[in-house]
file target-v8.txt (compact mmCIF, C-alpha atoms)
# COMPACT_ATOMS: atom_id res chain seq x y z
CA MET A 1 0.00 0.00 0.00
CA VAL A 2 1.20 3.51 -0.76
CA GLY A 3 2.60 5.30 2.26
CA LEU A 4 2.21 8.95 3.11
CA VAL A 5 4.13 10.87 0.51
CA GLY A 6 7.00 13.12 1.38
CA VAL A 7 7.84 14.21 -2.13
CA LEU A 8 10.44 16.94 -2.27
CA SER A 9 10.66 19.63 -4.91
CA LEU A 10 14.40 19.75 -5.44
CA SER A 11 16.51 22.32 -7.25
CA LEU A 12 19.09 19.89 -8.63
CA ALA A 13 17.89 19.88 -12.22
CA ILE A 14 19.41 23.11 -13.50
CA PRO A 15 22.56 24.25 -11.67
CA ALA A 16 23.07 27.89 -10.77
CA GLY A 17 24.22 29.95 -13.72
CA GLY A 18 21.76 28.44 -16.18
CA GLU A 19 23.86 25.44 -17.21
CA GLY A 20 22.30 22.19 -18.33
CA LEU A 21 21.58 18.72 -17.05
CA ALA A 22 22.68 15.49 -18.75
CA LEU A 23 21.12 12.12 -17.92
CA ARG A 24 22.95 8.98 -18.99
CA CYS A 25 20.44 6.12 -18.92
CA GLY A 26 20.53 2.41 -19.59
CA LYS A 27 17.55 2.65 -21.93
CA VAL A 28 15.58 5.60 -23.31
CA LEU A 29 12.03 4.94 -24.59
CA THR A 30 11.33 8.05 -26.63
CA MET A 31 7.74 7.21 -27.70
CA ASP A 32 8.41 9.20 -30.88
CA ALA A 33 6.84 8.45 -34.26
CA ASN A 34 9.60 5.98 -35.12
CA ASP A 35 9.39 4.17 -31.76
CA THR A 36 13.07 4.96 -31.24
CA VAL A 37 14.81 3.28 -28.32
CA HIS A 38 18.34 4.24 -27.28
CA ALA A 39 20.21 1.64 -25.22
CA PRO A 40 22.19 3.20 -23.68
CA GLY A 41 20.97 6.72 -24.25
CA MET A 42 21.42 10.29 -23.12
CA ILE A 43 19.01 13.13 -22.41
CA TRP A 44 19.98 16.79 -22.20
CA VAL A 45 17.86 19.41 -20.45
CA GLU A 46 18.29 23.17 -20.78
CA GLY A 47 15.83 25.80 -19.65
CA GLY A 48 13.10 23.27 -18.99
CA LYS A 49 13.27 21.81 -22.52
CA LEU A 50 14.86 18.75 -24.10
CA THR A 51 17.86 19.68 -26.24
CA HIS A 52 19.23 16.21 -26.99
CA VAL A 53 17.69 12.74 -26.86
CA GLY A 54 19.81 10.03 -28.37
CA ALA A 55 23.22 8.43 -28.30
CA LEU A 56 25.83 9.08 -25.64
CA ARG A 57 27.92 12.18 -26.24
CA GLU A 58 30.43 14.29 -24.38
CA VAL A 59 28.79 16.54 -21.82
CA PRO A 60 29.63 20.27 -22.00
CA GLU A 61 31.88 21.62 -19.29
CA GLY A 62 30.00 22.92 -16.26
CA TRP A 63 26.93 20.78 -16.81
CA MET A 64 25.49 18.43 -14.21
CA LEU A 65 25.89 14.79 -15.30
CA ARG A 66 23.76 12.14 -13.62
CA GLU A 67 24.89 8.60 -14.33
CA GLU A 68 21.66 6.59 -14.31
CA ASP A 69 23.00 3.58 -16.17
CA GLU A 70 20.60 1.09 -14.54
CA THR A 71 17.45 3.05 -15.34
CA TRP A 72 14.85 3.16 -18.10
CA ALA A 73 13.81 6.69 -19.14
CA MET A 74 10.35 7.48 -20.48
CA PRO A 75 8.23 10.61 -20.97
CA GLY A 76 5.86 11.49 -18.17
CA MET A 77 2.44 9.87 -18.44
CA VAL A 78 -0.63 11.88 -19.50
CA ASP A 79 -4.11 11.10 -18.14
CA LEU A 80 -7.08 12.82 -19.80
CA HIS A 81 -9.81 11.70 -17.39
CA THR A 82 -9.09 12.63 -13.77
CA HIS A 83 -10.88 14.15 -10.79
CA ILE A 84 -8.15 14.68 -8.19
CA HIS A 85 -7.39 18.35 -8.81
CA SER A 86 -9.25 19.37 -5.65
CA GLY A 87 -7.15 16.99 -3.56
CA GLY A 88 -10.08 14.71 -2.75
CA PHE A 89 -12.43 17.44 -1.53
CA GLY A 90 -15.24 16.52 -3.88
CA ASP A 91 -16.03 16.81 -7.55
CA THR A 92 -17.45 19.71 -9.52
CA ASN A 93 -21.10 18.93 -10.27
CA ASP A 94 -23.58 21.78 -10.69
CA MET A 95 -26.87 19.91 -10.79
CA VAL A 96 -29.22 22.85 -11.40
CA HIS A 97 -29.07 22.72 -15.21
CA SER A 98 -28.47 19.74 -17.46
CA VAL A 99 -25.90 21.68 -19.51
CA ASN A 100 -23.33 24.02 -17.98
CA PRO A 101 -21.03 25.29 -20.76
CA GLU A 102 -20.10 28.33 -18.71
CA LEU A 103 -18.55 26.38 -15.81
CA ARG A 104 -14.83 25.68 -15.35
CA ALA A 105 -13.06 23.23 -13.08
CA HIS A 106 -9.87 25.23 -12.53
CA SER A 107 -11.31 27.16 -9.58
CA ALA A 108 -11.42 23.87 -7.62
CA LEU A 109 -7.74 23.04 -8.20
CA ARG A 110 -5.54 22.86 -5.10
CA PRO A 111 -1.89 23.11 -6.22
CA ALA A 112 0.48 20.39 -5.06
CA ASN A 113 -2.20 18.47 -3.17
CA ARG A 114 -1.38 15.04 -1.75
CA LEU A 115 -3.05 13.10 -4.58
CA GLY A 116 -1.14 15.09 -7.16
CA LYS A 117 2.12 14.37 -5.36
CA LEU A 118 1.35 10.65 -5.45
CA ALA A 119 0.68 10.94 -9.17
CA CYS A 120 4.04 12.63 -9.70
CA ALA A 121 5.86 10.00 -7.69
CA ALA A 122 4.29 7.36 -9.95
CA GLY A 123 5.47 9.04 -13.15
CA VAL A 124 2.23 10.82 -14.10
CA THR A 125 3.21 14.37 -15.01
CA CYS A 126 0.24 15.88 -16.88
CA LEU A 127 -3.45 15.67 -15.96
CA PHE A 128 -6.72 16.91 -17.40
CA GLY A 129 -8.82 17.68 -14.31
CA ILE A 130 -12.50 17.66 -15.22
CA PRO A 131 -15.92 18.21 -13.65
CA GLY A 132 -18.10 15.27 -12.77
CA SER A 133 -20.65 13.48 -14.93
CA GLY A 134 -23.83 14.37 -13.08
CA THR A 135 -25.07 16.48 -15.98
CA ASN A 136 -24.87 16.21 -19.76
CA MET A 137 -22.38 19.06 -20.10
CA SER A 138 -20.62 19.70 -16.83
CA GLY A 139 -18.13 22.33 -17.96
CA PHE A 140 -14.50 22.80 -18.93
CA GLY A 141 -11.52 21.00 -17.43
CA VAL A 142 -8.08 22.29 -16.49
CA LEU A 143 -4.76 21.01 -17.84
CA TYR A 144 -1.98 21.02 -15.25
CA LYS A 145 1.36 19.50 -14.35
CA THR A 146 1.75 17.42 -11.19
CA LYS A 147 4.50 19.59 -9.72
CA THR A 148 5.02 18.96 -6.03
CA SER A 149 5.28 22.64 -5.13
CA GLY A 150 4.46 25.97 -6.66
CA SER A 151 1.63 28.42 -7.11
CA PHE A 152 -1.53 27.95 -9.15
CA ASP A 153 0.00 29.75 -12.13
CA GLU A 154 3.20 27.69 -11.92
CA ILE A 155 1.29 24.40 -12.02
CA VAL A 156 -1.61 25.14 -14.37
CA TRP A 157 -0.83 24.76 -18.06
CA ARG A 158 -4.19 25.72 -19.57
CA ARG A 159 -7.06 26.95 -17.43
CA VAL A 160 -9.49 25.95 -20.16
CA GLY A 161 -8.13 22.71 -21.55
CA GLY A 162 -11.23 21.20 -23.10
CA LEU A 163 -14.91 20.38 -22.56
CA LYS A 164 -16.36 17.52 -20.52
CA VAL A 165 -19.61 15.97 -21.79
CA ALA A 166 -21.53 13.05 -20.28
CA GLN A 167 -23.84 11.51 -22.87
CA ASP A 168 -24.64 8.24 -21.22
CA SER A 169 -25.02 6.37 -17.94
CA ASN A 170 -24.72 8.85 -15.07
CA PRO A 171 -27.03 11.67 -16.24
CA GLN A 172 -29.49 9.06 -17.45
CA GLY A 173 -29.51 7.36 -14.06
CA ARG A 174 -30.27 10.61 -12.24
CA ALA A 175 -33.33 11.40 -14.32
CA GLY A 176 -35.75 10.17 -11.66
CA THR A 177 -34.20 12.33 -8.97
CA PHE A 178 -34.15 15.59 -10.89
CA GLY A 179 -37.11 15.05 -13.17
CA TRP A 180 -35.21 15.79 -16.39
CA GLY A 181 -36.42 12.67 -18.14
CA ASN A 182 -32.90 11.99 -19.47
CA CYS A 183 -33.42 9.09 -21.80
CA ARG A 184 -30.92 8.70 -24.62
CA ALA A 185 -33.12 10.70 -26.98
CA SER A 186 -33.56 13.62 -24.59
CA MET A 187 -29.84 13.72 -23.78
CA GLY A 188 -29.09 13.86 -27.49
CA TRP A 189 -31.61 16.64 -28.02
CA THR A 190 -30.30 18.66 -25.06
CA LEU A 191 -26.71 18.48 -26.26
CA GLU A 192 -27.55 19.26 -29.88
CA ASP A 193 -29.67 22.21 -28.75
CA VAL A 194 -26.84 23.91 -26.86
CA ALA A 195 -24.29 23.00 -29.56
CA ASP A 196 -26.49 24.60 -32.23
CA LYS A 197 -26.87 27.71 -30.08
CA ALA A 198 -23.10 28.02 -29.83
CA LEU A 199 -22.74 27.69 -33.60
CA ALA A 200 -25.45 30.27 -34.18
CA SER A 201 -23.89 32.69 -31.69
CA ARG A 202 -20.66 32.93 -33.66
CA ARG A 203 -22.37 32.80 -37.05
CA GLU A 204 -24.60 35.74 -36.15
CA GLY A 205 -21.82 37.72 -34.50
CA ARG A 206 -23.40 37.65 -31.04
CA ARG A 207 -21.19 37.42 -27.96
CA ASP A 208 -22.57 35.11 -25.29
CA PRO A 209 -20.13 34.67 -22.37
CA ALA A 210 -21.85 31.43 -21.36
CA LEU A 211 -21.19 29.92 -24.79
CA GLU A 212 -17.77 31.45 -25.46
CA ASN A 213 -15.74 28.30 -24.82
CA LEU A 214 -18.33 25.99 -26.34
CA GLU A 215 -18.04 28.02 -29.55
CA LYS A 216 -14.34 27.11 -29.61
CA VAL A 217 -15.20 23.44 -29.26
CA MET A 218 -17.69 23.61 -32.11
CA HIS A 219 -15.07 25.22 -34.36
CA GLY A 220 -12.29 22.76 -33.50
CA GLU A 221 -10.31 25.19 -31.35
CA LEU A 222 -10.73 23.12 -28.16
CA PRO A 223 -11.18 19.35 -27.73
CA VAL A 224 -14.16 17.65 -26.12
CA LEU A 225 -13.96 14.54 -23.94
CA ILE A 226 -17.22 12.59 -23.88
CA HIS A 227 -18.21 10.20 -21.11
CA THR A 228 -20.13 7.39 -22.79
CA ALA A 229 -20.38 3.62 -22.43
CA GLY A 230 -21.92 0.60 -24.07
CA SER A 231 -22.08 -0.06 -27.80
CA GLU A 232 -25.19 2.04 -28.39
CA GLY A 233 -23.90 4.99 -26.38
CA VAL A 234 -20.44 4.93 -27.98
CA VAL A 235 -21.64 4.84 -31.57
CA ASN A 236 -24.35 7.49 -31.02
CA THR A 237 -21.86 9.77 -29.31
CA ALA A 238 -19.32 9.43 -32.11
CA ARG A 239 -22.04 9.99 -34.71
CA MET A 240 -23.02 13.29 -33.10
CA TRP A 241 -19.68 14.82 -32.19
CA SER A 242 -17.62 13.49 -35.08
CA ARG A 243 -19.95 12.92 -38.04
CA LYS A 244 -22.54 15.67 -37.42
CA TYR A 245 -20.39 18.41 -35.87
CA GLY A 246 -16.82 17.48 -36.83
CA THR A 247 -15.37 18.43 -33.45
CA ARG A 248 -12.03 17.32 -31.99
CA CYS A 249 -13.83 14.70 -29.94
CA VAL A 250 -12.41 11.91 -27.81
CA ILE A 251 -14.59 9.06 -26.56
CA SER A 252 -13.96 8.49 -22.86
CA HIS A 253 -14.76 5.22 -21.06
CA GLY A 254 -16.28 3.25 -23.96
CA SER A 255 -16.60 0.47 -21.42
CA PHE A 256 -18.83 -2.61 -21.02
CA ASP A 257 -19.70 -3.80 -24.57
CA GLY A 258 -18.62 -0.56 -26.25
CA TRP A 259 -15.74 -2.42 -27.89
CA LYS A 260 -18.22 -4.18 -30.16
CA VAL A 261 -18.55 -1.02 -32.27
CA ALA A 262 -14.79 -0.41 -32.35
CA SER A 263 -14.63 -0.95 -36.12
CA ALA A 264 -17.11 1.89 -36.73
CA ILE A 265 -15.22 4.19 -34.37
CA ALA A 266 -11.98 3.35 -36.15
CA GLU A 267 -13.55 4.02 -39.56
CA TRP A 268 -14.73 7.43 -38.38
CA GLY A 269 -11.28 8.21 -36.95
CA VAL A 270 -12.45 8.94 -33.39
CA PRO A 271 -9.85 8.50 -30.62
CA VAL A 272 -10.85 6.48 -27.55
CA ASN A 273 -9.60 7.26 -24.05
CA HIS A 274 -10.48 3.96 -22.37
CA GLY A 275 -11.02 3.14 -18.71
CA PRO A 276 -11.31 2.74 -15.83
CA ARG A 277 -12.82 -0.65 -16.75
CA THR A 278 -10.66 -2.43 -19.30
CA MET A 279 -12.43 -5.78 -19.52
CA ASP A 280 -15.89 -7.06 -20.42
CA HIS A 281 -17.01 -10.25 -18.75
CA ARG A 282 -20.76 -9.74 -18.56
CA SER A 283 -22.33 -8.84 -21.87
CA SER A 284 -20.39 -10.95 -24.34
CA ARG A 285 -21.61 -14.27 -25.68
CA ASN A 286 -18.23 -15.63 -26.76
CA GLY A 287 -17.65 -17.39 -23.45
CA ARG A 288 -14.58 -15.49 -22.31
CA ILE A 289 -13.40 -12.34 -20.58
CA ASN A 290 -12.66 -9.79 -23.27
CA GLY A 291 -9.80 -7.32 -22.98
CA THR A 292 -11.67 -4.26 -24.21
CA GLY A 293 -8.59 -2.13 -24.69
CA ALA A 294 -7.03 -4.81 -26.84
CA GLU A 295 -10.20 -4.93 -28.97
CA TYR A 296 -10.23 -1.17 -29.57
CA ASP A 297 -6.54 -1.15 -30.45
CA ALA A 298 -6.82 -4.19 -32.73
CA ALA A 299 -9.70 -2.53 -34.58
CA GLY A 300 -7.40 0.35 -35.52
CA VAL A 301 -8.94 3.05 -33.33
CA PRO A 302 -6.58 6.03 -33.73
CA LEU A 303 -4.60 7.30 -30.76
CA PHE A 304 -6.07 4.71 -28.40
CA SER A 305 -5.27 5.76 -24.82
CA LEU A 306 -6.11 4.82 -21.25
CA ASN A 307 -7.41 6.63 -18.18
CA THR A 308 -7.98 6.09 -14.48
CA ASP A 309 -11.07 8.26 -13.92
CA SER A 310 -9.16 8.95 -10.71
CA SER A 311 -9.85 8.42 -8.00
CA VAL A 312 -11.96 5.50 -9.30
CA ILE A 313 -8.56 3.97 -10.04
CA PRO A 314 -5.90 5.64 -7.85
CA GLN A 315 -3.91 8.04 -9.99
CA GLU A 316 -0.65 6.42 -8.92
CA GLU A 317 -1.86 3.15 -10.50
CA PHE A 318 -2.19 4.63 -13.98
CA PHE A 319 0.65 2.43 -15.21
CA LEU A 320 -1.36 -0.60 -14.09
CA GLN A 321 -4.07 0.26 -16.61
CA GLY A 322 -1.44 -0.36 -19.27
CA SER A 323 -0.16 -3.49 -17.54
CA MET A 324 -3.58 -5.10 -17.26
CA THR A 325 -4.63 -4.11 -20.77
CA ALA A 326 -1.48 -5.81 -22.04
CA ARG A 327 -2.25 -8.81 -19.81
CA LEU A 328 -5.65 -9.05 -21.51
CA GLY A 329 -4.22 -9.21 -25.02
CA ALA A 330 -2.88 -5.80 -26.07
CA ASP A 331 0.67 -5.17 -27.24
CA PRO A 332 2.71 -3.94 -24.23
CA TYR A 333 4.69 -1.31 -26.12
CA ARG A 334 1.53 0.14 -27.62
CA MET A 335 0.11 0.37 -24.12
CA LEU A 336 3.10 2.52 -23.17
CA ARG A 337 2.07 4.76 -26.04
CA ALA A 338 -1.50 4.67 -24.68
CA LEU A 339 -0.17 6.19 -21.46
CA THR A 340 2.02 8.86 -23.07
CA ILE A 341 2.01 10.10 -26.66
CA HIS A 342 -1.46 8.90 -27.66
CA PRO A 343 -3.44 10.89 -25.06
CA ALA A 344 -1.19 13.89 -25.70
CA ALA A 345 -1.82 13.72 -29.46
CA ALA A 346 -5.56 13.12 -29.05
CA PHE A 347 -5.83 16.41 -27.14
CA GLY A 348 -3.35 18.35 -29.27
CA LEU A 349 -0.68 18.45 -26.55
CA ASP A 350 1.94 16.44 -28.40
CA ASP A 351 4.02 19.47 -29.37
CA HIS A 352 4.89 19.76 -25.65
CA VAL A 353 4.44 16.41 -23.90
CA GLY A 354 4.00 12.68 -24.50
CA SER A 355 7.42 11.84 -25.97
CA LEU A 356 11.09 12.53 -25.40
CA GLU A 357 12.02 14.69 -28.39
CA VAL A 358 14.13 17.80 -28.82
CA GLY A 359 12.16 20.98 -28.15
CA LYS A 360 9.53 19.39 -25.94
CA ASP A 361 8.96 19.96 -22.22
CA ALA A 362 11.53 18.15 -20.10
CA ASP A 363 9.03 15.84 -18.39
CA VAL A 364 11.24 12.82 -17.81
CA VAL A 365 10.67 9.76 -15.62
CA LEU A 366 13.37 7.26 -14.63
CA TYR A 367 12.40 3.69 -13.69
CA ASP A 368 14.50 0.83 -12.31
CA GLY A 369 12.98 -1.56 -14.88
CA ASP A 370 10.17 -2.05 -17.40
CA PRO A 371 7.57 0.70 -16.74
CA LEU A 372 4.66 -1.77 -17.08
CA ASP A 373 6.12 -4.29 -14.63
CA PRO A 374 4.31 -3.88 -11.27
CA ARG A 375 7.62 -4.65 -9.52
CA THR A 376 9.29 -1.63 -11.11
CA ARG A 377 9.76 1.55 -9.11
CA VAL A 378 9.89 5.16 -10.22
CA MET A 379 13.27 6.51 -9.18
CA ARG A 380 13.16 10.15 -10.27
CA VAL A 381 10.76 12.55 -12.01
CA TRP A 382 11.54 15.84 -13.73
CA ILE A 383 8.77 18.22 -14.83
CA ASP A 384 9.70 21.17 -17.02
CA GLY A 385 13.31 20.37 -16.18
CA ASP A 386 12.88 20.60 -12.40
CA LEU A 387 13.40 17.53 -10.25
CA GLN A 388 10.07 16.97 -8.53
CA PHE A 389 10.55 13.49 -7.07
CA ASP A 390 13.66 11.59 -6.01
CA ARG A 391 13.10 8.24 -4.33
CA GLU A 392 16.36 8.51 -2.42
CA GLU A 393 15.19 11.81 -0.90
CA SER A 394 11.57 10.84 -0.30
CA ARG A 395 9.45 8.89 2.14
CA ALA A 396 7.13 7.60 -0.60
CA PHE A 397 6.84 3.85 -1.00
CA PHE A 398 5.44 2.02 -4.02

call {"tool": "encode", "arguments": {"input": "target-v8.txt", "output": "structure tokens"}}
result
Amino acid sequence: MVGLVGVLSLSLAIPAGGEGLALRCGKVLTMDANDTVHAPGMIWVEGGKLTHVGALREVPEGWMLREEDETWAMPGMVDLHTHIHSGGFGDTNDMVHSVNPELRAHSALRPANRLGKLACAAGVTCLFGIPGSGTNMSGFGVLYKTKTSGSFDEIVWRRVGGLKVAQDSNPQGRAGTFGWGNCRASMGWTLEDVADKALASRREGRRDPALENLEKVMHGELPVLIHTAGSEGVVNTARMWSRKYGTRCVISHGSFDGWKVASAIAEWGVPVNHGPRTMDHRSSRNGRINGTGAEYDAAGVPLFSLNTDSSVIPQEEFFLQGSMTARLGADPYRMLRALTIHPAAAFGLDDHVGSLEVGKDADVVLYDGDPLDPRTRVMRVWIDGDLQFDREESRAFF
């Protein structure tokens, strides 16, 4: 069990005077487009960015060299479906209206809270913190780094990172309590109604502060993450947000028997951010437990990624979503991509995070073995070039 974290924010990454940091590692998993692996490999960090990722080379005079020859280096993991930004003090669910496009989750964020520190110590460096799924459109989530110290502005990357929609399951189940009558048809009508209003607002040159961010979603300027499950919910959601409106949509969850429509989702080119359930043992008739992540990936769903829906799955166990999905039939290396570059690319973040490439943010994690092996430990974590977690200087146990 995870012990109480004592993660330290250390200043060892960039020495005084603005010189650089060089990491010499036993293996570097870049997660780049060519699936490049350097064994051994070297990583250079200057000014919070990566300036070299590749073969060993002579380190400039005055730089800090860390000899990490027994470690595996990988980019920090990226989780697009999380709820720990408040530190466990409740979710953001405004239950007065069924759609809340004017709401934002960033006001609930508590910088460097305990859950975020645990995430950092487990190699998760970038999170999309979103409102809950009590309503059809619960508002806009916040993108932030899991730095273990710092102010709100130092931790938050984008206050408005994307929209959260819930088109299935939870809002439907609450219909009796709130009297909305949220069957699938009414949820579809409600969401199309507000989406059409946002399109009309920009088309007619009207400024509506409540619809300002939704307008950006409808014009492809912001992504939308959609909570939906089951085969009927998944295909109807993709039909609306991808085929009808052409948004930068990402299916979230897609659980239970949602994998049965994976071929249609792949044909339409809709990314899936899968989890927290990654198996289907109830609704199938083929007599076996089905690894749902493996089915989506095998169908060719683009940028297939995983999530924890934290704290449904503890954020520090994000790697285990990849491990278990591989255990249930998926390719292990592709599941590393599902934890790093795929979620980053699905949300348009891949010019900064998700892989170890020159010019990107220096979000680097060092492991003492295979990152998907549950016996492996995170040894050190850098975020934006600053050392945020060092096992040798911490009281965290994994």

call {"tool": "atom_distance", "arguments": {"input": "target-v8.txt", "atom1": "atom CA of Gly359 of chain A", "atom2": "atom CA of Lys117 of chain A"}}
result
25.8 Å

call {"tool": "closest_atom_pairs", "arguments": {"input": "target-v8.txt", "of": "segment 126-176 of chain A", "to": "segment 220-234 of chain A", "cutoff": "7 Å", "atoms": "only C-alpha atoms", "output": "JSON lines"}}
result
{"residue": "A:Gly162", "atom": "CA", "partner": "A:Pro223", "partner_atom": "CA", "distance": 5.0}
{"residue": "A:Leu163", "atom": "CA", "partner": "A:Val224", "partner_atom": "CA", "distance": 4.5}
{"residue": "A:Lys164", "atom": "CA", "partner": "A:Leu225", "partner_atom": "CA", "distance": 5.1}
{"residue": "A:Val165", "atom": "CA", "partner": "A:Ile226", "partner_atom": "CA", "distance": 4.6}
{"residue": "A:Ala166", "atom": "CA", "partner": "A:His227", "partner_atom": "CA", "distance": 4.5}
{"residue": "A:Gln167", "atom": "CA", "partner": "A:Thr228", "partner_atom": "CA", "distance": 5.5}
{"residue": "A:Asp168", "atom": "CA", "partner": "A:Thr228", "partner_atom": "CA", "distance": 4.9}
{"residue": "A:Ser169", "atom": "CA", "partner": "A:Thr228", "partner_atom": "CA", "distance": 7.0}

call {"tool": "residues_near_point", "arguments": {"input": "target-v8.txt", "point": "(-6.4, 22.2, -24.3)", "cutoff": "12 Å", "atoms": "only C-alpha atoms", "output": "PDB file with C-alpha atoms, in the frame of the given file"}}
result
ATOM      1  CA  LEU A  80      -7.080  12.820 -19.800  1.00  0.00           C
ATOM      2  CA  CYS A 126       0.240  15.880 -16.880  1.00  0.00           C
ATOM      3  CA  LEU A 127      -3.450  15.670 -15.960  1.00  0.00           C
ATOM      4  CA  PHE A 128      -6.720  16.910 -17.400  1.00  0.00           C
ATOM      5  CA  GLY A 129      -8.820  17.680 -14.310  1.00  0.00           C
ATOM      6  CA  ILE A 130     -12.500  17.660 -15.220  1.00  0.00           C
ATOM      7  CA  PHE A 140     -14.500  22.800 -18.930  1.00  0.00           C
ATOM      8  CA  GLY A 141     -11.520  21.000 -17.430  1.00  0.00           C
ATOM      9  CA  VAL A 142      -8.080  22.290 -16.490  1.00  0.00           C
ATOM     10  CA  LEU A 143      -4.760  21.010 -17.840  1.00  0.00           C
ATOM     11  CA  TYR A 144      -1.980  21.020 -15.250  1.00  0.00           C
ATOM     12  CA  VAL A 156      -1.610  25.140 -14.370  1.00  0.00           C
ATOM     13  CA  TRP A 157      -0.830  24.760 -18.060  1.00  0.00           C
ATOM     14  CA  ARG A 158      -4.190  25.720 -19.570  1.00  0.00           C
ATOM     15  CA  ARG A 159      -7.060  26.950 -17.430  1.00  0.00           C
ATOM     16  CA  VAL A 160      -9.490  25.950 -20.160  1.00  0.00           C
ATOM     17  CA  GLY A 161      -8.130  22.710 -21.550  1.00  0.00           C
ATOM     18  CA  GLY A 162     -11.230  21.200 -23.100  1.00  0.00           C
ATOM     19  CA  LEU A 163     -14.910  20.380 -22.560  1.00  0.00           C
ATOM     20  CA  LYS A 164     -16.360  17.520 -20.520  1.00  0.00           C
ATOM     21  CA  ASN A 213     -15.740  28.300 -24.820  1.00  0.00           C
ATOM     22  CA  LYS A 216     -14.340  27.110 -29.610  1.00  0.00           C
ATOM     23  CA  VAL A 217     -15.200  23.440 -29.260  1.00  0.00           C
ATOM     24  CA  GLY A 220     -12.290  22.760 -33.500  1.00  0.00           C
ATOM     25  CA  GLU A 221     -10.310  25.190 -31.350  1.00  0.00           C
ATOM     26  CA  LEU A 222     -10.730  23.120 -28.160  1.00  0.00           C
ATOM     27  CA  PRO A 223     -11.180  19.350 -27.730  1.00  0.00           C
ATOM     28  CA  VAL A 224     -14.160  17.650 -26.120  1.00  0.00           C
ATOM     29  CA  LEU A 225     -13.960  14.540 -23.940  1.00  0.00           C
ATOM     30  CA  ARG A 248     -12.030  17.320 -31.990  1.00  0.00           C
ATOM     31  CA  CYS A 249     -13.830  14.700 -29.940  1.00  0.00           C
ATOM     32  CA  PRO A 343      -3.440  10.890 -25.060  1.00  0.00           C
ATOM     33  CA  ALA A 344      -1.190  13.890 -25.700  1.00  0.00           C
ATOM     34  CA  ALA A 345      -1.820  13.720 -29.460  1.00  0.00           C
ATOM     35  CA  ALA A 346      -5.560  13.120 -29.050  1.00  0.00           C
ATOM     36  CA  PHE A 347      -5.830  16.410 -27.140  1.00  0.00           C
ATOM     37  CA  GLY A 348      -3.350  18.350 -29.270  1.00  0.00           C
ATOM     38  CA  LEU A 349      -0.680  18.450 -26.550  1.00  0.00           C
ATOM     39  CA  ASP A 350       1.940  16.440 -28.400  1.00  0.00           C
ATOM     40  CA  ASP A 351       4.020  19.470 -29.370  1.00  0.00           C
ATOM     41  CA  HIS A 352       4.890  19.760 -25.650  1.00  0.00           C
TER      42      HIS A 352
END

call {"tool": "closest_residue", "arguments": {"input": "target-v8.txt", "among": "A:Gly369, A:Gly385, A:Gly322, A:Gly329", "to": "Lys27 of chain A", "atoms": "only C-alpha atoms"}}
result
A:Gly369

call {"tool": "atom_distance", "arguments": {"input": "target-v8.txt", "atom1": "atom CA of Asn34 of chain A", "atom2": "atom CA of Met324 of chain A"}}
result
24.8 Å

call {"tool": "decode", "arguments": {"input": "target-v8.txt", "residues": "segment 311-322 of chain A", "atoms": "N, CA and C atoms", "output": "PDB file, in the first residue's frame"}}
result
ATOM      1  N   SER A 311     -10.467   9.479  -8.780  1.00  0.00           N
ATOM      2  CA  SER A 311      -9.848   8.423  -7.996  1.00  0.00           C
ATOM      3  C   SER A 311     -10.616   7.088  -8.030  1.00  0.00           C
ATOM      4  N   VAL A 312     -11.359   6.822  -9.134  1.00  0.00           N
ATOM      5  CA  VAL A 312     -11.959   5.499  -9.302  1.00  0.00           C
ATOM      6  C   VAL A 312     -10.845   4.454  -9.303  1.00  0.00           C
ATOM      7  N   ILE A 313      -9.842   4.664 -10.155  1.00  0.00           N
ATOM      8  CA  ILE A 313      -8.563   3.967 -10.040  1.00  0.00           C
ATOM      9  C   ILE A 313      -7.588   4.983  -9.455  1.00  0.00           C
ATOM     10  N   PRO A 314      -6.849   4.662  -8.404  1.00  0.00           N
ATOM     11  CA  PRO A 314      -5.903   5.641  -7.854  1.00  0.00           C
ATOM     12  C   PRO A 314      -4.958   6.152  -8.935  1.00  0.00           C
ATOM     13  N   GLN A 315      -4.712   7.455  -8.926  1.00  0.00           N
ATOM     14  CA  GLN A 315      -3.909   8.040  -9.990  1.00  0.00           C
ATOM     15  C   GLN A 315      -2.520   7.414 -10.075  1.00  0.00           C
ATOM     16  N   GLU A 316      -1.981   7.009  -8.920  1.00  0.00           N
ATOM     17  CA  GLU A 316      -0.645   6.416  -8.915  1.00  0.00           C
ATOM     18  C   GLU A 316      -0.620   5.013  -9.529  1.00  0.00           C
ATOM     19  N   GLU A 317      -1.787   4.457  -9.847  1.00  0.00           N
ATOM     20  CA  GLU A 317      -1.858   3.154 -10.496  1.00  0.00           C
ATOM     21  C   GLU A 317      -2.172   3.269 -11.996  1.00  0.00           C
ATOM     22  N   PHE A 318      -1.938   4.434 -12.555  1.00  0.00           N
ATOM     23  CA  PHE A 318      -2.193   4.632 -13.982  1.00  0.00           C
ATOM     24  C   PHE A 318      -1.410   3.631 -14.829  1.00  0.00           C
ATOM     25  N   PHE A 319      -0.150   3.389 -14.456  1.00  0.00           N
ATOM     26  CA  PHE A 319       0.655   2.428 -15.211  1.00  0.00           C
ATOM     27  C   PHE A 319      -0.008   1.063 -15.258  1.00  0.00           C
ATOM     28  N   LEU A 320      -0.735   0.718 -14.183  1.00  0.00           N
ATOM     29  CA  LEU A 320      -1.355  -0.600 -14.093  1.00  0.00           C
ATOM     30  C   LEU A 320      -2.484  -0.766 -15.105  1.00  0.00           C
ATOM     31  N   GLN A 321      -3.085   0.340 -15.534  1.00  0.00           N
ATOM     32  CA  GLN A 321      -4.066   0.258 -16.612  1.00  0.00           C
ATOM     33  C   GLN A 321      -3.406  -0.274 -17.884  1.00  0.00           C
ATOM     34  N   GLY A 322      -2.181   0.166 -18.127  1.00  0.00           N
ATOM     35  CA  GLY A 322      -1.437  -0.362 -19.266  1.00  0.00           C
ATOM     36  C   GLY A 322      -1.030  -1.807 -19.057  1.00  0.00           C
TER      37      GLY A 322
END
